[in-house]
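**Q** Quick one: this structure, given as structure tokens, is what I'll be asking you about.
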Amino acid sequence: MICIKLGGRTQNDPLLPQAIAALWHSTGGKVVVVHGGGDQISALQRLRGEEPVFIGGRRVTTDTALELVRMVLSGLANKQMVSALVAAGAPAVGISGEDAALLRATPIDTAQFGHSGTPASVNPGVVHALLAAGYLPVISPVAAREHDAANGREAGAYNVNGDDAAAAIAAAIGATELFLMADVPGVLDGDKQRIATLTLDEARALVASGVAGGGMAAKLDACAMALAGGVNRVRIGDLAALTVPEAGTAIVARVDATDSSK
């Protein structure tokens, strides 16, 4: 089973739907897609007079921004990707983390990040049901609010970084590989050269030095989360690396970690 996280910019590649459809068929239907849509959200924020703010690659989600996040991620971006995959021959079905409480989240820091959350629990039943029925799940990372012991369940949503959502979902469904698709061929060093393999310690050093910043820093954090959750193989790369096991950047817990293939 492979879980693929699509970044907002990579979703516009006209070759992407066919590549995922081909992978879906070659694996016997063992593919799950989690997608973003940050550029579309930012564009709508600006149209409404609000400048997007990011801290460490994660969006600060105001009340207004949360409305747009739900609209874009669970609506426009999700259905555009589903439509493209169906046209490419994959039986895609679009859902969000709110559906059947697939993904629940808690706030990162309400004062600083607003309605941005971090994964707290995953109920993968709906994903397994779709896979068993022969469908390709396409998941928006908008999450339901986690149960509050003091106040009971609260309606509403949190905006979860797509990489974090993909890492949590990959671990919960027992994925053998998490592939974080980016618009670069992998993690780049200070000379802009692709790094083939990174340990978690090396990844943290790249973030601390500023070589890996913003969205890439968030991706590396998600890689650590996925490995801790039991995902065997984690890679970051572009579309060309999706079906080439040696391509992209493999993130491993340590230098002697076994790199299992999908």
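Here, A, B, ... name the chains of the structure tokens in the order displayed, residue numbers run from 1 inside each chain, and ligands are numbered from 1 in the same displayed order.
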Range 2-224 of chain A: which residues are strand (DSSP E or B) by DSSP, as a ChimeraX atom specification?
**A** /A:2-6,31-35,54-55,58-59,61,92-97,103-107,114,116-122,136-145,148,152,157-160,177-181,188,194,197-199
**Q** List as a list in words the protein and nucleic acid residues near Asp201 in chain A, meaning an atom at most 12 Å away when only C-alpha atoms are counted, but skip any in the same chain fewer than 6 places from it.
**A** Val207, Ala208, Leu220, Asp221, Cys223, Ala224, Ile251, Val252, Ala253, Arg254 and Val255 of chain A
**Q** Within 12 Å of Gly186 in chain A, counting only C-alpha atoms, which residues show up once you throw out same-chain ones fewer than 3 positions away? Write them as JSON, numbers by chain, please.
**A** {"A": [179, 180, 181, 182, 183, 189, 192, 193, 194, 195, 196, 197, 198, 212, 216, 219, 220, 234, 235, 236, 237, 238, 239, 240, 241, 242, 246, 247, 248, 249, 250, 251]}
**Q** What does the distance between CA of Ile41 in chain A and CA of Ala65 in chain A come to in Å, to one decimal place?
**A** 7.8 Å
**Q** Which of range 66-124 of chain A counts as helix (DSSP H, G or I) under DSSP, as an MDAnalysis selection string please?
**A** chainID A and resid 66:87 99:101 110:113
**Q** Restricting the calculation to only C-alpha atoms, which member of A:Gly174, A:Gly75, A:Ala88, A:Gly162 is positioned closest to Pro14 in chain A?
**A**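 So, comparing all the options, the nearest one is A:Ala88.
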**Q** Within 7 Å of Val93 in chain A, counting only C-alpha atoms, which residues show up once you throw out same-chain ones fewer than 2 positions away? Write them as an MDAnalysis selection string, please.
**A** chainID A and resid 82 91 95 135:138
